[in-house]
Amino acid sequence: MYTRSILIPITFLLLTACGSKPNSDAASGDALSGNINIDGSSTVYPITEAVAEEFQKVQPGVKVSVALSGTGGGFKKFGRAETDINDASRPIKPAEDSLAKSHNVSYVELTVAFDGMAIVVNPKNDWCKDMTVAELKMLWEPEAQGKIKNWNQIRPEWPNEEIHLFGAGVESGTYDYFTEVIVGKSHSSRGDFTASEDDNVLVQGVASDKYALGFFGLAYFEENKDKLKVIGIDDGKAENGEGPILPSIETVKNKSYSPLGRPLFIYVNSKAGQRKEVQEFVRFYLNNTNTLTAEVGFISLTEQESADAKAKWEAFITSLPAAQ
């Protein structure tokens with residue numbers, strides 16, 4: 001569907017060809033059958049899509065369908081028991097949890113990777129090398145609409161030219177997270193920006209407009225860094241380092257790229273978790289996600305974090321009643 005959904009499986013094949021093969025131990029037992037339905041985050045989608053492709057090579061009798069409706073759109077389906085797994089770039093919200101409870105849906109949350117959010121401009125932009133969190137808030141908060149229009153309203157020395165804004169779609173976890181940590185309230189922002197669930201639309205928009213500014217996941221920037229320029233972010237907190245910090249694997253891991261580093265999740269429906277094919281798929285996912293994420297620009301879990309996720313999954317499925 002998107003460029004990343006094509007590139008990442010190819011990366012997996014290259015890894016296999018070079019000897020860095022996916023760990024198939026968790027799925028190499030009895031042949032399984034069934035269907036697994038997954039939806040949710042566009043950020044997590046490429047990871048899940050690649051894992052699904054590799055899993056189906058080991059277990060061809062299992063059909064794994066991976067769609068993307070954004071984190072929020074995915075949670076609506078997940079909460080109505082329409083999907084088995086939801087990809088999420090933020091934790092579930094109370095209202096989404098209530099929806100799930102109203103449909104007798106219980107679940108487990110598993111962290112699968114980390115990601116940084118990149119603030120990007122056009123490569124021809126030679127004035128904006130960094131911004132503060134306060135400046136981003138001034139630019140993106142609802143009150144900015146119709147008032148903060150030009151670059152020189154952010155800093156007087158910047159051009160008296162109109163800013164053209166691009167950002168994640170309002171159903172996405174990326175949008176929720178950005179508005180929460182920058183504006184101070186989830187799902188609250190100015191409305192006069194180009195929004196899309198397709199990150200490639202955002203990439204092309206910023207890449208073709210000298211006066212554009214946008215935000216999306218760091219992995220998408222890494223994939224398109226020949227077309228874009230990332231800027232540093234200063235959160236004003238000395239404990240995270242003085243001055244602006246550029247996003248990278250290191251700065252996201254050590255949390256100095258604050259507040260725009262975030263965990264990525266999958267949520268698994270308890271009833272689905274009773275099924276053998278789902279149990280083995282999630283095992284396969286947790287055994288292989290670090291190999292994939294490190295290769296494509298996401299930030300892998302530490303060994304301890306990975307072990308914790310695997311242990312959490314095993315404890316969860318052990319607690320479930322046997323499938324009927």
# chains A, B, ... in the order shown; residues from 1 in each chain; ligands from 1
$ residues_around --residues "Arg190 in chain A" --least-positions-apart "5" --cutoff "9 Å" --atoms "only C-alpha atoms" --output "PyMOL selection string"
chain A and resi 139-146
$ closest_atom_pairs --of "range 172-283 of chain A" --to "range 91-103 of chain A" --cutoff "9 Å" --atoms "only C-alpha atoms" --output "CSV"
residue,atom,partner,partner_atom,distance
A:Gly173,CA,A:Pro91,CA,8.5
A:Pro263,CA,A:Pro91,CA,8.7
A:Leu264,CA,A:Pro91,CA,8.4
A:Phe265,CA,A:Pro91,CA,7.5
A:Tyr267,CA,A:Ile92,CA,8.8
$ write_last_selection --atoms "C-alpha atoms" --output "short mmCIF file (atom, residue, chain, number, x, y, z; two decimals), in the first residue's frame"
data_model
loop_
_atom_site.label_atom_id
_atom_site.label_comp_id
_atom_site.auth_asym_id
_atom_site.auth_seq_id
_atom_site.Cartn_x
_atom_site.Cartn_y
_atom_site.Cartn_z
CA GLY A 173 -1.53 7.78 17.32
CA PRO A 263 7.11 3.43 22.61
CA LEU A 264 5.20 1.42 19.99
CA PHE A 265 2.75 -1.33 20.93
CA TYR A 267 -2.62 -4.99 21.71
#
$ residues_around --residues "range 195-207 of chain A" --least-positions-apart "2" --cutoff "6 Å" --atoms "only C-alpha atoms" --output "MDAnalysis selection string"
chainID A and resid 122 166:169 209 212 227:228
$ residues_around --residues "Asp234 in chain A" --least-positions-apart "6" --cutoff "12 Å" --atoms "only C-alpha atoms" --output "ChimeraX atom specification"
/A:119,129-136,182,240-247,256-260
$ closest_residue --among "A:Val170, A:Ile317, A:Met138, A:Val252" --to "Arg283 in chain A" --atoms "only C-alpha atoms"
A:Ile317
$ closest_residue --among "A:Lys77, A:Glu303, A:Thr289, A:Ile154" --to "Glu49 in chain A" --atoms "only C-alpha atoms"
A:Thr289
$ residues_around --residues "Tyr107 in chain A" --least-positions-apart "6" --cutoff "10 Å" --atoms "only C-alpha atoms" --output "PyMOL selection string"
chain A and resi 78-79+84-85+97+100-101+267-273+316
$ write_last_selection --atoms "N, CA and C atoms" --output "PDB file, in the first residue's frame"
ATOM      1  N   PHE A  78     -10.962  -2.755  17.243  1.00  0.00           N
ATOM      2  CA  PHE A  78     -10.484  -3.674  18.280  1.00  0.00           C
ATOM      3  C   PHE A  78     -11.466  -3.716  19.446  1.00  0.00           C
ATOM      4  N   GLY A  79     -11.971  -2.549  19.830  1.00  0.00           N
ATOM      5  CA  GLY A  79     -12.906  -2.473  20.948  1.00  0.00           C
ATOM      6  C   GLY A  79     -14.244  -3.118  20.666  1.00  0.00           C
ATOM      7  N   ASP A  84      -8.212  -9.020  15.878  1.00  0.00           N
ATOM      8  CA  ASP A  84      -7.514  -9.797  16.902  1.00  0.00           C
ATOM      9  C   ASP A  84      -6.394  -9.006  17.566  1.00  0.00           C
ATOM     10  N   ILE A  85      -5.733  -8.163  16.775  1.00  0.00           N
ATOM     11  CA  ILE A  85      -4.579  -7.397  17.251  1.00  0.00           C
ATOM     12  C   ILE A  85      -4.697  -5.972  16.740  1.00  0.00           C
ATOM     13  N   ASP A  97     -10.759   2.006  26.073  1.00  0.00           N
ATOM     14  CA  ASP A  97     -10.833   0.891  27.019  1.00  0.00           C
ATOM     15  C   ASP A  97     -12.287   0.629  27.414  1.00  0.00           C
ATOM     16  N   ALA A 100     -14.030  -1.215  24.694  1.00  0.00           N
ATOM     17  CA  ALA A 100     -13.662  -2.632  24.731  1.00  0.00           C
ATOM     18  C   ALA A 100     -14.422  -3.371  25.834  1.00  0.00           C
ATOM     19  N   LYS A 101     -14.478  -2.773  27.006  1.00  0.00           N
ATOM     20  CA  LYS A 101     -15.194  -3.403  28.123  1.00  0.00           C
ATOM     21  C   LYS A 101     -16.672  -3.597  27.790  1.00  0.00           C
ATOM     22  N   TYR A 267      -1.617  -4.573  20.727  1.00  0.00           N
ATOM     23  CA  TYR A 267      -2.623  -4.995  21.706  1.00  0.00           C
ATOM     24  C   TYR A 267      -3.263  -6.274  21.174  1.00  0.00           C
ATOM     25  N   VAL A 268      -3.349  -7.287  22.022  1.00  0.00           N
ATOM     26  CA  VAL A 268      -3.881  -8.582  21.596  1.00  0.00           C
ATOM     27  C   VAL A 268      -5.148  -8.903  22.382  1.00  0.00           C
ATOM     28  N   ASN A 269      -6.217  -9.200  21.659  1.00  0.00           N
ATOM     29  CA  ASN A 269      -7.496  -9.583  22.253  1.00  0.00           C
ATOM     30  C   ASN A 269      -7.343 -10.913  23.006  1.00  0.00           C
ATOM     31  N   SER A 270      -7.893 -10.987  24.215  1.00  0.00           N
ATOM     32  CA  SER A 270      -7.747 -12.192  25.042  1.00  0.00           C
ATOM     33  C   SER A 270      -8.340 -13.431  24.384  1.00  0.00           C
ATOM     34  N   LYS A 271      -9.530 -13.291  23.797  1.00  0.00           N
ATOM     35  CA  LYS A 271     -10.146 -14.453  23.148  1.00  0.00           C
ATOM     36  C   LYS A 271      -9.299 -14.921  21.975  1.00  0.00           C
ATOM     37  N   ALA A 272      -8.751 -13.962  21.224  1.00  0.00           N
ATOM     38  CA  ALA A 272      -7.851 -14.336  20.131  1.00  0.00           C
ATOM     39  C   ALA A 272      -6.611 -15.030  20.679  1.00  0.00           C
ATOM     40  N   GLY A 273      -6.146 -14.566  21.835  1.00  0.00           N
ATOM     41  CA  GLY A 273      -4.952 -15.137  22.447  1.00  0.00           C
ATOM     42  C   GLY A 273      -5.105 -16.576  22.891  1.00  0.00           C
ATOM     43  N   PHE A 316       0.517 -14.106  30.138  1.00  0.00           N
ATOM     44  CA  PHE A 316      -0.842 -13.765  29.725  1.00  0.00           C
ATOM     45  C   PHE A 316      -1.561 -14.978  29.152  1.00  0.00           C
TER      46      PHE A 316
END
$ select_by_dssp --residues "range 96-130 of chain A" --states "helix (DSSP H, G or I)" --output "list of chain:residue names"
A:Glu96, A:Asp97, A:Ser98, A:Leu99, A:Ala100, A:Lys101, A:Ser102
$ atom_distance --atom1 "CA of Thr293 in chain A" --atom2 "CA of Ile47 in chain A"
7.1 Å
$ residues_around --residues "Tyr177 in chain A" --least-positions-apart "4" --cutoff "9 Å" --atoms "only C-alpha atoms" --output "list in words"
Ser89, Arg90, Ser172, Gly173, Val181, Ile182, Ser186, His187, Leu260 and Arg262 of chain A
$ residues_around --residues "Glu305 in chain A" --least-positions-apart "6" --cutoff "10 Å" --atoms "only C-alpha atoms" --output "PyMOL selection string"
chain A and resi 111-113+311
$ closest_residue --among "A:Asp30, A:Glu82, A:Asp126, A:Asp176" --to "Gly61 in chain A" --atoms "only C-alpha atoms"
A:Asp30
$ select_by_dssp --residues "range 72-224 of chain A" --states "strand (DSSP E or B)" --output "NGL selection string"
:A and (85-88 or 107-121 or 130-132 or 150 or 162 or 164-168 or 194-196 or 212-217)
$ closest_residue --among "A:Lys57, A:Pro123, A:Gly217, A:Glu171" --to "Thr43 in chain A" --atoms "only C-alpha atoms"
A:Gly217
$ atom_distance --atom1 "CA of Phe75 in chain A" --atom2 "CA of Lys63 in chain A"
21.2 Å
